[in-house]
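Enquirer: Here it is, the structure, as structure tokens.
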Amino acid sequence: MFLTACNDWQSALHTHGANARKIFDLIWTFSAVAITTWLLVMLVLAMALFRRQLGEASRSPLQIDSHQERRMIRAVGSATALTVVVLIALTIGSFFAGKSIASLSGNETVTVRVTGHQWWWEIRYPKIESSQAIVTANEIHVPVGESVKVKLDSVDVIHSFWVPSLAGKRDLIPGRPGELTLIADKPGIYRGQCAEFCGYQHAHMAITVVAESREAFDAWRSRQDANAITPAGDEERRGQAAFLGTGCALCHTIRGTHASGTVGPDLTHVAGRHSLAADALAMTPGALAAWIADPQSIKPGAKMPSIALSADDLNAVVAYLGSLE
Ligand SMILES: [Cu+2]
């Protein structure tokens, strides 16, 4: 339902938030001025060529008409002055757009920390009164119409956070935290991408923003707050044992078990997400199995090795992870 309503889910020209709208206005202003200038230049060029054809060129270039010379100096002088005025006007416009984007910050109701990793996004919601800190990956949930502070950092190389329908770009620089304010004024699923080349799988480093009502957001948050469910059936129990026994736990955390690795995404509620591996795959049992069986064929170079599991163990791990909503 969301997706059909939003084929404009990743476009700076289809804005769904105040921050993105201000940038959109600036895009239009710059484009309009540039197009007008180009048309005027073309018009003057055409006039000049036309006059040349009419015979002015047959006059000797050495014969100077001082009256015409003065007119030309005046014309070129005014065009130069106009160019300077336009440049200054655009600079001022850009300055004020930046200022009004900055003025959006200050009354955020939700804070989320986004940490860039090669090639996925770690998402953290700090502790609030009613809930502990939440860690998830590649998917940010926000309440519609509320200001959300996004704090940005990276643990390896420079990445760039860009969800064009909602806000402008901001780099994630290791050791130099940045932030931006994001407001979604319509429920929906918005896609974003890393916008700074960060290595081999840069193109497979997408992020999803789910904008939902305050009630749905609170419900999501309290689901995330809970530890992972205890496996209910035999298959899931076998899957959990295989997960904990084959090294997955060295890199992944599942709260409520002894798996507490932090190299890869937190998997406590992995099945509740829309996608896998930074939107490289949709979240389905088949995709989950394909990813675990051979992550290197899906995202070559990804920091998860292919681990040999027996077919039964693989199915059991998929059943277990698939139950972690
Ligand atoms: Cu990146």
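Starting from 1 in every chain, residues are counted up; chains themselves are A, B, ... following the order of the structure tokens, and ligands are numbered from 1 as listed.
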I'd like the neighbourhood of range 220-236 of chain A as an MDAnalysis selection string, where a residue qualifies if any of its atoms comes within 7 Å (using only C-alpha atoms), though same-chain residues fewer than 3 positions away should be ignored.
Expert: chainID A and resid 131:132 134 216:217 239:240 254:256 268:269 316 319:320 324
Enquirer: Within 7 Å of ligand 1, which residues show up when you count only C-alpha atoms and all ligand atoms? List them as a VMD selection string, please.
Expert: chain A and resid 116 to 119 158 to 160 194 to 198 202 205
Enquirer: I need the residues in range 135-268 of chain A that are strand (DSSP E) according to DSSP; give them as an NGL selection string.
Expert: :A and (135-137 or 139-143 or 148-154 or 159-162 or 170-172 or 178-182 or 188-194 or 206-212)
Enquirer: Taking the backbone alone, and naming residues the way the document does, which bits of range 106-256 of chain A are alpha helix (DSSP H) by DSSP, as a count of residues only?
Expert: 28
Enquirer: Sort by chain and increasing residue number a table of all residues of range 48-162 of chain A within 12 Å of range 15-24 of chain A, each with its closest pair of atoms and their distance in Å to one decimal, counting only C-alpha atoms, and write it as JSON lines.
Expert:
```
{"residue": "A:Gly93", "atom": "CA", "partner": "A:Lys22", "partner_atom": "CA", "distance": 10.7}
{"residue": "A:Ser94", "atom": "CA", "partner": "A:Ile23", "partner_atom": "CA", "distance": 9.0}
{"residue": "A:Phe95", "atom": "CA", "partner": "A:Ile23", "partner_atom": "CA", "distance": 11.4}
{"residue": "A:Phe96", "atom": "CA", "partner": "A:Lys22", "partner_atom": "CA", "distance": 9.7}
{"residue": "A:Ala97", "atom": "CA", "partner": "A:Lys22", "partner_atom": "CA", "distance": 6.2}
{"residue": "A:Gly98", "atom": "CA", "partner": "A:Lys22", "partner_atom": "CA", "distance": 8.4}
{"residue": "A:Lys99", "atom": "CA", "partner": "A:Lys22", "partner_atom": "CA", "distance": 10.2}
{"residue": "A:Ser100", "atom": "CA", "partner": "A:Lys22", "partner_atom": "CA", "distance": 7.8}
{"residue": "A:Ile101", "atom": "CA", "partner": "A:Asn19", "partner_atom": "CA", "distance": 5.8}
{"residue": "A:Ala102", "atom": "CA", "partner": "A:Asn19", "partner_atom": "CA", "distance": 8.9}
{"residue": "A:Ser103", "atom": "CA", "partner": "A:Asn19", "partner_atom": "CA", "distance": 9.9}
{"residue": "A:Leu104", "atom": "CA", "partner": "A:Asn19", "partner_atom": "CA", "distance": 7.5}
{"residue": "A:Ser105", "atom": "CA", "partner": "A:Asn19", "partner_atom": "CA", "distance": 9.9}
{"residue": "A:Val144", "atom": "CA", "partner": "A:Gly17", "partner_atom": "CA", "distance": 9.7}
{"residue": "A:Gly145", "atom": "CA", "partner": "A:Gly17", "partner_atom": "CA", "distance": 8.4}
{"residue": "A:Glu146", "atom": "CA", "partner": "A:Gly17", "partner_atom": "CA", "distance": 10.2}
{"residue": "A:Ser147", "atom": "CA", "partner": "A:Ala18", "partner_atom": "CA", "distance": 9.7}
{"residue": "A:Val148", "atom": "CA", "partner": "A:Gly17", "partner_atom": "CA", "distance": 11.3}
{"residue": "A:Trp162", "atom": "CA", "partner": "A:Ala20", "partner_atom": "CA", "distance": 10.5}
```
Enquirer: Mind giving me the straight-line distance from CA of Gln296 in chain A to CA of Pro265 in chain A in Å, one decimal?
Expert: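 Rounded to one decimal, the two atoms are 16.2 Å apart.
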Enquirer: Of the candidates A:Thr257, A:Gln201, A:Ser60, A:Thr109, which one gets nearest to Ala241 in chain A if we count only C-alpha atoms?
Expert: A:Thr257
Enquirer: Closest to Ile128 in chain A among A:Leu39, A:Asp218, A:Arg273, A:Ile307, using only C-alpha atoms?
Expert: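 Of all the options, A:Asp218 lies closest to Ile128 in chain A.
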Enquirer: Nearest residue to Ser310 in chain A out of A:Ala32, A:Ala242, A:Ile123, A:Leu172, using only C-alpha atoms?
Expert: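 Nearest candidate to Ser310 in chain A out of A:Ala32, A:Ala242, A:Ile123, A:Leu172: A:Ala242.
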Enquirer: Might you pull out every residue within 12 Å of Leu87 in chain A, with only C-alpha atoms counted and same-chain residues fewer than 4 positions away left off, and present them as a ChimeraX atom specification?
Expert: /A:30,33-34,37,80-83,91-94
Enquirer: Which neighbours of Ala249 in chain A fall inside 10 Å, counting only C-alpha atoms, when residues of the same chain fewer than 3 positions from it are skipped, and could you give them as an NGL selection string?
Expert: :A and (242-246 or 252-254 or 257-264 or 267)
Enquirer: Rank nothing, just name the residue among A:Ala48, A:Ala277, A:Gln10, A:Tyr125 nearest to Met72 in chain A, using only C-alpha atoms.
Expert: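 Closest candidate: A:Ala48.
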